[in-house]
file coords25.txt (compact mmCIF, C-alpha atoms)
# COMPACT_ATOMS: atom_id res chain seq x y z
CA MET D 1 142.19 62.57 92.70
CA ASP D 2 145.58 64.19 92.99
CA LEU D 3 145.52 67.93 92.36
CA LEU D 4 149.30 68.28 92.21
CA PRO D 5 149.50 68.51 88.37
CA PHE D 6 146.83 71.22 88.43
CA PHE D 7 148.78 73.24 91.03
CA GLN D 8 151.97 72.79 89.00
CA TRP D 9 150.15 74.08 85.94
CA LEU D 10 148.84 77.11 87.94
CA THR D 11 152.41 78.15 88.76
CA GLY D 12 153.16 78.44 85.05
CA ILE D 13 150.21 80.56 83.88
CA PRO D 14 151.10 84.13 82.73
CA LEU D 15 149.33 85.70 85.75
CA SER D 16 151.61 83.76 88.13
CA GLN D 17 154.68 84.71 86.11
CA TYR D 18 153.65 88.38 86.20
CA PHE D 19 153.28 88.23 89.99
CA LEU D 20 156.59 86.49 90.45
CA SER D 21 158.52 88.89 88.22
CA HIS D 22 157.07 92.18 89.54
CA THR D 23 158.27 93.14 93.02
CA TRP D 24 155.24 95.24 93.94
CA ALA D 25 152.49 92.95 92.57
CA ALA D 26 152.30 90.63 95.59
CA PRO D 27 152.44 93.30 98.34
CA ILE D 28 149.80 95.41 96.55
CA ALA D 29 147.49 92.40 96.20
CA GLN D 30 148.13 91.49 99.86
CA VAL D 31 147.31 94.91 101.30
CA ILE D 32 144.09 95.21 99.23
CA HIS D 33 143.21 91.66 100.31
CA LEU D 34 143.66 92.58 103.98
CA VAL D 35 141.58 95.79 103.75
CA ALA D 36 138.86 93.69 102.07
CA VAL D 37 139.10 91.21 104.97
CA ALA D 38 138.30 94.05 107.39
CA VAL D 39 135.31 95.20 105.28
CA PHE D 40 134.05 91.61 104.89
CA ILE D 41 134.48 90.76 108.59
CA GLY D 42 132.86 94.07 109.62
CA ALA D 43 129.82 93.41 107.42
CA LEU D 44 129.69 89.85 108.74
CA ALA D 45 130.19 90.76 112.41
CA ILE D 46 127.49 93.43 112.71
CA VAL D 47 124.90 90.89 111.47
CA ASP D 48 126.24 87.94 113.52
CA MET D 49 126.40 90.15 116.62
CA ARG D 50 122.83 91.28 115.95
CA MET D 51 121.79 87.61 115.81
CA LEU D 52 123.42 87.18 119.21
CA GLY D 53 121.50 90.18 120.55
CA ARG D 54 124.61 92.40 120.64
CA GLY D 55 125.60 95.62 118.89
CA LEU D 56 123.05 97.19 116.54
CA THR D 57 119.97 95.97 118.40
CA SER D 58 117.86 99.07 117.82
CA ARG D 59 116.85 97.94 114.32
CA PRO D 60 115.35 94.70 112.98
CA LEU D 61 117.83 91.98 112.02
CA SER D 62 116.72 92.02 108.37
CA ASP D 63 117.46 95.79 108.10
CA ILE D 64 120.99 95.31 109.43
CA ALA D 65 121.52 92.31 107.11
CA ARG D 66 120.22 94.17 104.05
CA ASP D 67 122.52 97.15 104.76
CA ALA D 68 125.52 94.89 105.29
CA GLN D 69 124.95 92.68 102.25
CA PRO D 70 126.60 94.83 99.54
CA TRP D 71 129.74 95.17 101.70
CA LEU D 72 129.77 91.44 102.42
CA ILE D 73 129.43 90.47 98.74
CA GLY D 74 131.62 93.32 97.45
CA GLY D 75 134.25 92.49 100.07
CA PHE D 76 134.22 88.85 99.05
CA LEU D 77 134.61 89.68 95.35
CA VAL D 78 137.66 91.83 96.11
CA LEU D 79 139.04 89.03 98.30
CA PHE D 80 138.60 86.55 95.45
CA ILE D 81 140.16 88.82 92.82
CA THR D 82 143.19 89.71 94.99
CA GLY D 83 143.51 86.19 96.41
CA PHE D 84 143.50 84.30 93.13
CA PRO D 85 146.87 85.53 91.75
CA GLN D 86 148.43 85.05 95.19
CA LEU D 87 147.29 81.43 95.10
CA THR D 88 148.46 80.72 91.55
CA SER D 89 151.86 82.42 91.93
CA THR D 90 152.64 80.34 95.05
CA ALA D 91 150.60 77.27 94.07
CA LEU D 92 153.08 74.60 95.18
CA LYS D 93 153.65 76.22 98.57
CA GLN D 94 149.87 76.29 99.01
CA TYR D 95 149.47 72.69 97.86
CA TYR D 96 151.89 71.43 100.51
CA SER D 97 150.54 73.66 103.32
CA PRO D 98 148.02 71.97 105.63
CA PHE D 99 146.75 75.45 106.55
CA PHE D 100 145.86 76.23 102.93
CA TRP D 101 143.55 73.21 102.86
CA TRP D 102 142.20 74.14 106.29
CA LYS D 103 141.42 77.63 104.92
CA MET D 104 139.81 76.37 101.70
CA GLU D 105 137.63 73.77 103.45
CA ALA D 106 136.45 76.34 105.99
CA LEU D 107 135.90 78.81 103.14
CA VAL D 108 133.65 76.44 101.19
CA ILE D 109 131.69 75.57 104.34
CA GLY D 110 131.45 79.30 105.16
CA LEU D 111 130.18 80.26 101.70
CA ILE D 112 127.53 77.53 101.63
CA PHE D 113 126.42 78.32 105.17
CA THR D 114 126.36 82.10 104.61
CA PHE D 115 124.34 82.02 101.41
CA THR D 116 121.85 79.36 102.53
CA VAL D 117 121.07 79.02 106.26
CA ARG D 118 122.44 82.37 107.45
CA ARG D 119 120.86 84.35 104.63
CA ARG D 120 117.50 82.67 105.24
CA VAL D 121 117.63 83.40 108.98
CA ALA D 122 118.83 86.99 108.48
CA MET D 123 115.95 87.80 106.14
CA THR D 124 113.18 86.11 108.14
CA ASP D 125 110.92 87.98 110.57
CA GLU D 126 112.58 87.58 113.98
CA ALA D 127 109.27 86.79 115.67
CA LEU D 128 109.13 83.56 113.66
CA LEU D 129 112.69 82.50 114.51
CA GLY D 130 112.50 81.97 118.27
CA PRO D 131 115.38 82.78 120.62
CA VAL D 132 117.78 79.91 119.86
CA LEU D 133 118.19 79.58 116.09
CA PRO D 134 119.64 83.06 115.34
CA LYS D 135 122.15 82.66 118.19
CA VAL D 136 123.34 79.30 116.88
CA VAL D 137 123.65 80.70 113.35
CA GLY D 138 125.51 83.82 114.57
CA ILE D 139 128.02 81.80 116.62
CA LEU D 140 128.60 79.31 113.78
CA SER D 141 129.11 82.09 111.25
CA LEU D 142 131.69 83.89 113.44
CA ALA D 143 133.45 80.59 114.21
CA ILE D 144 133.66 79.42 110.59
CA TRP D 145 134.92 82.73 109.19
CA THR D 146 137.37 83.24 112.07
CA SER D 147 138.82 79.81 111.29
CA VAL D 148 139.22 80.92 107.65
CA THR D 149 141.23 83.95 108.86
CA ILE D 150 143.34 81.82 111.22
CA GLY D 151 144.11 79.22 108.54
CA ALA D 152 144.99 81.98 106.09
CA ARG D 153 147.43 83.71 108.42
CA LEU D 154 149.14 80.44 109.36
CA ILE D 155 149.90 79.55 105.70
CA GLY D 156 152.48 82.34 105.70
CA LEU D 157 153.78 81.69 109.21
CA MET D 158 153.97 77.94 109.61
CA GLY D 159 153.89 76.71 106.03
CA MET J 1 167.87 92.81 126.86
CA LEU J 2 164.86 91.59 128.86
CA SER J 3 164.70 87.82 129.24
CA SER J 4 160.88 87.71 128.97
CA SER J 5 161.19 89.43 125.59
CA VAL J 6 163.62 86.75 124.41
CA ALA J 7 161.44 83.97 125.86
CA LEU J 8 158.38 85.28 124.02
CA ARG J 9 160.29 85.50 120.73
CA GLU J 10 161.82 82.05 121.00
CA ALA J 11 158.94 80.08 122.56
CA PHE J 12 157.72 77.39 120.19
CA ASN J 13 155.02 78.74 117.90
CA VAL J 14 153.99 81.51 120.32
CA TYR J 15 154.98 84.24 117.89
CA PRO J 16 152.97 82.88 114.90
CA TRP J 17 149.89 82.37 117.07
CA LEU J 18 150.28 85.83 118.56
CA LEU J 19 150.50 87.33 115.08
CA THR J 20 147.41 85.32 114.05
CA ALA J 21 145.53 86.57 117.14
CA HIS J 22 146.61 90.12 116.23
CA VAL J 23 145.25 89.75 112.68
CA VAL J 24 141.95 88.21 113.85
CA THR J 25 141.28 90.84 116.54
CA THR J 26 142.44 93.70 114.29
CA THR J 27 140.21 92.71 111.38
CA ILE J 28 137.18 92.53 113.69
CA PHE J 29 138.11 95.87 115.28
CA ALA J 30 138.80 97.59 111.95
CA GLY J 31 135.68 95.97 110.47
CA LEU J 32 133.47 97.46 113.19
CA ILE J 33 135.18 100.85 112.77
CA ILE J 34 134.67 100.69 108.98
CA MET J 35 130.98 99.76 109.33
CA MET J 36 130.49 102.81 111.59
CA ASP J 37 132.53 105.07 109.27
CA LEU J 38 130.45 104.03 106.26
CA ARG J 39 127.36 105.20 108.19
CA LEU J 40 129.11 108.38 109.29
CA ALA J 41 130.17 109.21 105.73
CA GLY J 42 126.62 108.53 104.49
CA ILE J 43 127.78 105.67 102.26
CA GLY J 44 126.34 102.55 103.89
CA ASN J 45 124.36 101.04 106.79
CA LEU J 46 121.86 103.88 106.43
CA SER J 47 118.88 102.15 108.01
CA THR J 48 120.42 102.50 111.47
CA PRO J 49 120.59 106.05 112.92
CA PHE J 50 124.21 107.15 113.31
CA VAL J 51 123.88 107.80 117.03
CA GLN J 52 122.73 104.19 117.51
CA THR J 53 125.54 102.84 115.35
CA GLN J 54 128.10 104.80 117.32
CA LYS J 55 126.69 104.03 120.77
CA ARG J 56 126.05 100.31 120.26
CA LEU J 57 129.23 99.41 118.42
CA PHE J 58 131.48 101.50 120.70
CA PRO J 59 131.93 98.92 123.53
CA TRP J 60 132.81 96.23 120.96
CA GLN J 61 135.20 98.52 119.15
CA MET J 62 136.94 99.29 122.46
CA ALA J 63 137.08 95.62 123.52
CA THR J 64 138.55 94.45 120.19
CA MET J 65 140.90 97.45 120.13
CA GLY J 66 142.12 96.37 123.58
CA LEU J 67 142.84 92.82 122.35
CA SER J 68 144.42 94.12 119.16
CA THR J 69 146.63 96.54 121.11
CA LEU J 70 147.57 93.83 123.62
CA THR J 71 148.59 91.30 120.95
CA GLY J 72 150.32 94.02 118.92
CA GLY J 73 152.14 95.26 122.03
CA LEU J 74 153.34 91.73 122.83
CA LEU J 75 154.55 91.28 119.22
CA PHE J 76 156.56 94.47 119.59
CA TYR J 77 157.82 93.52 123.05
CA GLY J 78 158.95 90.11 121.81
CA ASP J 79 161.04 91.44 118.96
CA PRO J 80 161.49 95.24 119.22
CA MET J 81 164.54 95.36 116.99
CA ARG J 82 162.53 93.89 114.12
CA PHE J 83 160.23 96.92 114.24
CA TYR J 84 162.51 99.77 115.28
CA PRO J 85 164.26 100.07 111.87
CA ASN J 86 161.05 99.35 109.90
CA PHE J 87 159.65 102.18 107.71
CA TYR J 88 156.09 100.83 107.62
CA PHE J 89 156.00 100.26 111.38
CA TRP J 90 156.62 103.95 112.08
CA LEU J 91 154.24 105.04 109.32
CA LYS J 92 151.57 102.78 110.86
CA MET J 93 152.16 104.25 114.34
CA LEU J 94 151.86 107.78 112.92
CA LEU J 95 148.62 106.88 111.12
CA MET J 96 147.16 105.40 114.32
CA VAL J 97 147.90 108.64 116.17
CA LEU J 98 146.17 110.57 113.34
CA ALA J 99 143.17 108.20 113.46
CA GLY J 100 142.95 108.78 117.22
CA VAL J 101 143.13 112.56 116.77
CA ASN J 102 140.48 112.43 114.03
CA ALA J 103 138.11 110.40 116.22
CA PHE J 104 138.74 112.65 119.24
CA VAL J 105 138.27 115.91 117.32
CA PHE J 106 135.14 114.55 115.65
CA HIS J 107 133.68 113.47 118.96
CA MET J 108 134.48 116.73 120.75
CA THR J 109 133.42 119.14 118.03
CA VAL J 110 131.50 117.89 114.99
CA TYR J 111 129.55 115.18 116.83
CA GLU J 112 128.39 117.46 119.62
CA ARG J 113 127.46 120.21 117.17
CA ALA J 114 125.69 117.72 114.91
CA LEU J 115 123.73 116.38 117.86
CA ALA J 116 122.79 119.93 118.82
CA ARG J 117 121.77 120.57 115.23
CA ILE J 118 119.57 117.47 115.26
CA GLU J 119 117.92 118.70 118.43
CA ALA J 120 117.34 122.10 116.85
CA LYS J 121 115.93 120.59 113.70
CA ILE J 122 113.58 118.32 115.60
CA THR J 123 112.33 121.21 117.66
CA GLU J 124 112.09 123.50 114.68
CA ALA J 125 110.31 121.19 112.29
CA ARG J 126 108.71 118.91 114.84
CA SER J 127 109.70 116.08 112.60
CA TRP J 128 112.46 113.48 112.49
CA VAL J 129 113.99 114.88 109.39
CA SER J 130 117.64 115.21 110.23
CA TRP J 131 120.90 113.66 109.10
CA ASN J 132 120.65 111.17 111.92
CA PHE J 133 117.69 109.53 110.25
CA SER J 134 118.68 109.81 106.63
CA GLY J 135 121.64 109.85 104.29
CA LEU J 136 121.81 113.64 104.65
CA VAL J 137 125.03 113.90 106.59
CA PRO J 138 126.61 117.23 107.61
CA PHE J 139 129.76 117.98 105.63
CA GLU J 140 132.10 117.86 108.66
CA ALA J 141 130.73 114.46 109.72
CA ARG J 142 131.23 113.14 106.20
CA VAL J 143 134.82 114.39 106.24
CA ALA J 144 135.49 112.73 109.62
CA GLY J 145 134.00 109.45 108.38
CA LEU J 146 135.91 109.44 105.10
CA LEU J 147 139.12 110.46 106.86
CA SER J 148 138.73 107.60 109.33
CA LEU J 149 138.06 105.12 106.49
CA VAL J 150 141.20 106.24 104.66
CA LEU J 151 143.29 106.21 107.84
CA TRP J 152 142.21 102.74 108.96
CA ALA J 153 142.68 101.27 105.49
CA SER J 154 146.17 102.83 105.48
CA ILE J 155 146.90 101.40 108.94
CA ILE J 156 146.01 97.90 107.73
CA ILE J 157 148.11 98.45 104.60
CA THR J 158 151.19 99.71 106.44
CA GLY J 159 150.77 96.94 109.04
CA ARG J 160 150.94 94.31 106.29
CA MET J 161 153.85 96.13 104.62
CA ILE J 162 155.98 95.77 107.78
CA ALA J 163 156.87 92.37 106.28
CA TYR J 164 158.45 94.18 103.30
CA SER J 165 161.16 96.04 105.22
CA ALA J 166 163.30 96.53 102.09
CA LEU J 167 160.56 97.89 99.77
CA VAL J 168 160.92 101.42 101.16
CA PRO J 169 162.19 104.85 100.06
CA GLN J 170 165.97 105.14 99.76
CA TRP J 171 166.10 108.04 102.26
CA TRP J 172 164.73 105.75 104.95
CA LEU J 173 167.48 103.18 104.36
CA ASP J 174 170.02 106.03 104.38
CA LEU J 175 169.05 106.74 108.02
CA GLY J 176 170.91 103.52 108.87
CA LEU J 177 168.58 102.38 111.68
CA SER J 178 169.19 98.65 111.23
call {"tool": "encode", "arguments": {"input": "coords25.txt", "output": "structure tokens"}}
result
Amino acid sequence: MDLLPFFQWLTGIPLSQYFLSHTWAAPIAQVIHLVAVAVFIGALAIVDMRMLGRGLTSRPLSDIARDAQPWLIGGFLVLFITGFPQLTSTALKQYYSPFFWWKMEALVIGLIFTFTVRRRVAMTDEALLGPVLPKVVGILSLAIWTSVTIGARLIGLMG
Amino acid sequence: MLSSSVALREAFNVYPWLLTAHVVTTTIFAGLIIMMDLRLAGIGNLSTPFVQTQKRLFPWQMATMGLSTLTGGLLFYGDPMRFYPNFYFWLKMLLMVLAGVNAFVFHMTVYERALARIEAKITEARSWVSWNFSGLVPFEARVAGLLSLVLWASIIITGRMIAYSALVPQWWLDLGLS
């Protein structure tokens, strides 16, 4: 299935046209996107670090995860809302960038992993988890989401 | 003109990877700062006592700040004349100084006083009812937390805006730095 016609169509939707014709639209979306990245990564990192036995170790894993969850989900929603017009307004550039596809594949893997395995592990009583599983999940989570960030940054730098 | 600066700027793909490393380390650093600030301001992460949040995240904040500063410093070193005339670069530097001052002042005054107040409250009431164990945060601590949140968000914003060197006030362009 070739997605090229779909990406061509995205470039023409009114949202894309608005972004392309207003000088400040893209930078405003980009700066909000980046602040949301910091909130999302912060909420992610304190839980992943806790799984690795680092950082906020004075409280149970599930407490840390429950506190972080609204910032993780809220951060992601803001990322989606501010990312979507940036994608549509530069859809052809994205389509031809290998790093865009790298980012999107890692993003899908990250979302599935975070809301299935990681969520399950974060909410389970640590005594039942053993020493290995949380560490593996924490490392994987950090690796997947870091690769999303790397792919994202390289779209703009290396096409 | 230092030759190592030129080499860094012109080396194949070093600059993009350095910028990527700067973004990755900065988002982790700022993320850990924001998570602590949310606790400090009484907005989030309330199940962990503030003192624990501060103490346990501190080494990681310092380590990632080190990496972020190193990669940022190399970016500047590799292409100083890209940044020297840039409005957002200088605004970002100013904001980082303010964030440092805010953290220092908080640590030296509010934090110490708040800790003393916790001690007093524990002694007085013989209970663990204090801001450290609840969302009841002293006003000054809330101000320091909110101020830090605003400053770090602004630092990320101005950092990203460095790419938009022409979208700046006219008076800045009139200085004729570039």
call {"tool": "residues_around", "arguments": {"input": "coords25.txt", "residues": "range 62-74 of chain J", "least_positions_apart": "2", "cutoff": "10 Å", "atoms": "all atoms listed in the file", "output": "list in words"}}
result
Ser5, Leu8, Arg9, Tyr15, Trp17, Leu18, Leu19, Thr20, Ala21, His22, Val23, Val24, Thr25, Thr26, Thr27, Ile28, Phe29, Ala30, Leu32, Ile33, Leu57, Phe58, Pro59, Trp60, Phe76, Tyr77, Gly78, Asp79 and Pro80 of chain J
call {"tool": "atom_distance", "arguments": {"input": "coords25.txt", "atom1": "CA of Pro14 in chain D", "atom2": "CA of Leu77 in chain D"}}
result
21.5 Å
call {"tool": "residues_near_point", "arguments": {"input": "coords25.txt", "point": "(148.2, 83.9, 93.4)", "cutoff": "9 Å", "atoms": "only C-alpha atoms", "output": "mmCIF file with C-alpha atoms, keeping the file's coordinate frame"}}
result
data_model
loop_
_atom_site.group_PDB
_atom_site.id
_atom_site.type_symbol
_atom_site.label_atom_id
_atom_site.label_comp_id
_atom_site.auth_asym_id
_atom_site.auth_seq_id
_atom_site.Cartn_x
_atom_site.Cartn_y
_atom_site.Cartn_z
ATOM 1 C CA LEU D 10 148.840 77.110 87.940
ATOM 2 C CA THR D 11 152.410 78.150 88.760
ATOM 3 C CA LEU D 15 149.330 85.700 85.750
ATOM 4 C CA SER D 16 151.610 83.760 88.130
ATOM 5 C CA PHE D 19 153.280 88.230 89.990
ATOM 6 C CA ALA D 26 152.300 90.630 95.590
ATOM 7 C CA ALA D 29 147.490 92.400 96.200
ATOM 8 C CA THR D 82 143.190 89.710 94.990
ATOM 9 C CA GLY D 83 143.510 86.190 96.410
ATOM 10 C CA PHE D 84 143.500 84.300 93.130
ATOM 11 C CA PRO D 85 146.870 85.530 91.750
ATOM 12 C CA GLN D 86 148.430 85.050 95.190
ATOM 13 C CA LEU D 87 147.290 81.430 95.100
ATOM 14 C CA THR D 88 148.460 80.720 91.550
ATOM 15 C CA SER D 89 151.860 82.420 91.930
ATOM 16 C CA THR D 90 152.640 80.340 95.050
ATOM 17 C CA ALA D 91 150.600 77.270 94.070
#
call {"tool": "atom_distance", "arguments": {"input": "coords25.txt", "atom1": "CA of Trp145 in chain D", "atom2": "CA of Gly110 in chain D"}}
result
6.3 Å
call {"tool": "residues_around", "arguments": {"input": "coords25.txt", "residues": "Leu147 in chain J", "least_positions_apart": "3", "cutoff": "12 Å", "atoms": "all atoms listed in the file", "output": "JSON, numbers by chain"}}
result
{"J": [33, 34, 37, 38, 40, 41, 95, 98, 99, 100, 101, 102, 103, 105, 106, 140, 141, 142, 143, 144, 150, 151, 152, 153, 154]}
call {"tool": "residues_around", "arguments": {"input": "coords25.txt", "residues": "Trp172 in chain J", "least_positions_apart": "6", "cutoff": "10 Å", "atoms": "all atoms listed in the file", "output": "PDB file with C-alpha atoms, in the frame of the given file"}}
result
ATOM      1  CA  PRO J  85     164.260 100.070 111.870  1.00  0.00           C
ATOM      2  CA  ASN J  86     161.050  99.350 109.900  1.00  0.00           C
ATOM      3  CA  PHE J  87     159.650 102.180 107.710  1.00  0.00           C
ATOM      4  CA  ALA J 166     163.300  96.530 102.090  1.00  0.00           C
TER       5      ALA J 166
END
call {"tool": "atom_distance", "arguments": {"input": "coords25.txt", "atom1": "CA of Val136 in chain D", "atom2": "CA of Asp48 in chain D"}}
result
9.7 Å
call {"tool": "closest_residue", "arguments": {"input": "coords25.txt", "among": "J:Ala7, J:Gly145, J:Arg82, J:Tyr88", "to": "Met35 in chain J", "atoms": "all atoms listed in the file"}}
result
J:Gly145
call {"tool": "closest_residue", "arguments": {"input": "coords25.txt", "among": "J:Trp90, J:Trp171, J:Phe139, J:Phe83", "to": "Tyr111 in chain J", "atoms": "all atoms listed in the file"}}
result
J:Phe139
call {"tool": "interface_residues", "arguments": {"input": "coords25.txt", "of": "chain D", "to": "chain J", "cutoff": "6 Å", "atoms": "all atoms listed in the file", "output": "CSV table (one decimal) with C-alpha atoms, in the frame of the given file"}}
result
chain,number,residue,atom,x,y,z
D,31,VAL,CA,147.3,94.9,101.3
D,35,VAL,CA,141.6,95.8,103.8
D,38,ALA,CA,138.3,94.0,107.4
D,39,VAL,CA,135.3,95.2,105.3
D,41,ILE,CA,134.5,90.8,108.6
D,42,GLY,CA,132.9,94.1,109.6
D,55,GLY,CA,125.6,95.6,118.9
D,56,LEU,CA,123.0,97.2,116.5
D,67,ASP,CA,122.5,97.2,104.8
D,153,ARG,CA,147.4,83.7,108.4
D,157,LEU,CA,153.8,81.7,109.2
call {"tool": "residues_around", "arguments": {"input": "coords25.txt", "residues": "Val47 in chain D", "least_positions_apart": "6", "cutoff": "8 Å", "atoms": "only C-alpha atoms", "output": "number ranges by chain"}}
result
D: 61, 64-65, 68, 122, 138
call {"tool": "residues_around", "arguments": {"input": "coords25.txt", "residues": "range 113-116 of chain D", "least_positions_apart": "5", "cutoff": "12 Å", "atoms": "only C-alpha atoms", "output": "ChimeraX atom specification"}}
result
/D:44,47-48,65,69,72-73,76,106-108,121-123,137-138,140-145
call {"tool": "closest_residue", "arguments": {"input": "coords25.txt", "among": "D:Phe80, D:Ala152, D:Met51, D:Leu128", "to": "Ser97 in chain D", "atoms": "only C-alpha atoms"}}
result
D:Ala152
